[in-house]
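Comments concern the structure below.
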Amino acid sequence: MKITIKRFHKEKTPQNIDHTLDINLENITLLDALENIKTKQDPSLTYSSGCRSGVCGSCGVRVNGKSTLACTHKLKDGDIIEPLNNMPIIKDLVVDHNIALKTLQTSKSWQDKPSSIELSIEDEKQNELQSDCILCGSCYSACPVFEVNKDFLGPFALTRIRKYTADLRDENYKDKIDRVQINGVWDCTLCNECSLSCPSGISSKSDIEMLRIQSVKQGYSDPSFANFGGLDFGAPQF
């Protein structure tokens, strides 16, 4: 089996390094392969890992252009391994996640002054899925908007905002909606790449759509619609 790892180091030109694996294990994971390469072929290979169970999110990478977790991806001959996209590369397959985490600070994606009302089981399920985020960064890596606009809040922060706007205990509902109007819900293209890449099955696209609905209820609208103001759609425009 042969795989290619795109190696990055700030002092060197990025290189595509081919590795041949003489492993007879069936259904070997990418993380197993990386450990095999590091211990038997190249100790300088750098990557992140943690729980080995698809829970901690630390081993996020791209395989054949798609974001995934190294500990859950079943390796195939010819796979091309790269670091996550849209985040600064520290070395090889390790990236700096701070650029994504800062979006939480910008959007203030946390619960403010929660009320003491008691939630029913049905109420708790309103934001249950969003709580499953493992902070792997796959959604930011897959996001085409974040790639061109680093001020975009991105799927991670917007899903977190949706978690709290769906929580009946949060008393600052409108304040959170106010924060996502610029570089937020209306900038998303709804391409769904974030949802497809999420190992926890979270649909940020659906969360953003719900935030748009909540925004309209608060009197907001898509600012791009303003460009159509005054046009007469009954006659051709030249």
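How things are named: the first chain in the structure tokens is A, the next is B, and so on; residues count from 1 in each chain; ligands count from 1 in the order shown.
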
Give one line per residue of segment 21-121 of chain A that approaches segment 138-145 of chain A to at most 9 Å, naming the two atoms of the closest pair and their distance in Å to one decimal, counting only C-alpha atoms; sort by chain then ascending residue number and deliver it as a Markdown table.
```
| residue | atom | partner | partner_atom | distance |
| --- | --- | --- | --- | --- |
| A:Gly57 | CA | A:Ser138 | CA | 8.9 |
| A:Gly60 | CA | A:Ser138 | CA | 6.7 |
| A:Val61 | CA | A:Ser138 | CA | 7.8 |
| A:Arg62 | CA | A:Ser138 | CA | 8.5 |
| A:Lys66 | CA | A:Ala142 | CA | 7.5 |
| A:Ser67 | CA | A:Ser138 | CA | 5.4 |
| A:Thr68 | CA | A:Ser138 | CA | 6.8 |
| A:Leu69 | CA | A:Ser138 | CA | 8.5 |
| A:Leu84 | CA | A:Ser141 | CA | 5.5 |
| A:Asn85 | CA | A:Ser141 | CA | 4.4 |
| A:Asn86 | CA | A:Ser141 | CA | 5.4 |
| A:Met87 | CA | A:Ser141 | CA | 7.3 |
| A:Ala100 | CA | A:Tyr140 | CA | 7.1 |
```

Practice problem: Write out as a PyMOL selection string all residues of segment 5-128 of chain A that DSSP puts in alpha helix (DSSP H) for this structure's backbone. | Solution: chain A and resi 30-40+98-107+121-124

Quiz item: Which of these, A:Gln126, A:Gly65, A:Gly137, A:Ile81, has the shortest distance to Ile99 of chain A once you count only C-alpha atoms?
Solution: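 That would be A:Gly137, the residue with the smallest distance to Ile99 of chain A.
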
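Of the residues listed (A:Glu35, A:Asp151, A:Asp79, A:Glu122), A:Asp79 shows the shortest atom-to-atom separation from Ile3 of chain A; distances use only C-alpha atoms.
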
Self-check item: Distance in Å - atom CA of Lys174 of chain A versus atom CA of Ser115 of chain A
Solution: 15.0 Å

Self-check item: Long-range neighbours of segment 161-173 of chain A as a ChimeraX atom specification, 12 Å cut-off, only C-alpha atoms, 4 positions minimum in chain
Solution: /A:103-120,122-133,153-157,177-181,184-185,202-215,217-218

Self-check item: Length of the atom CA of Glu147 of chain A to atom CA of Phe8 of chain A vector [Å]
Solution: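 Separation between atom CA of Glu147 of chain A and atom CA of Phe8 of chain A: 18.9 Å.
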
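Restricting the calculation to only C-alpha atoms, the smallest distance between Lys74 of chain A and any of A:Ser44, A:Ser53, A:Ser58, A:Thr29 is found for A:Thr29.
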
Fewer than 6 positions away in the same chain doesn't count, so skip those; otherwise give me all residues within 8 Å of Ser49 of chain A, counting only C-alpha atoms, as an mmCIF file with C-alpha atoms, in the first residue's frame.
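Printed below is around-v7.cif as written:
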```
data_model
loop_
_atom_site.group_PDB
_atom_site.id
_atom_site.type_symbol
_atom_site.label_atom_id
_atom_site.label_comp_id
_atom_site.auth_asym_id
_atom_site.auth_seq_id
_atom_site.Cartn_x
_atom_site.Cartn_y
_atom_site.Cartn_z
ATOM 1 C CA LEU A 31 -3.754 7.114 12.395
ATOM 2 C CA SER A 58 -7.381 16.434 17.626
ATOM 3 C CA CYS A 59 -6.440 14.266 14.620
ATOM 4 C CA CYS A 71 -8.435 7.770 13.753
#
```
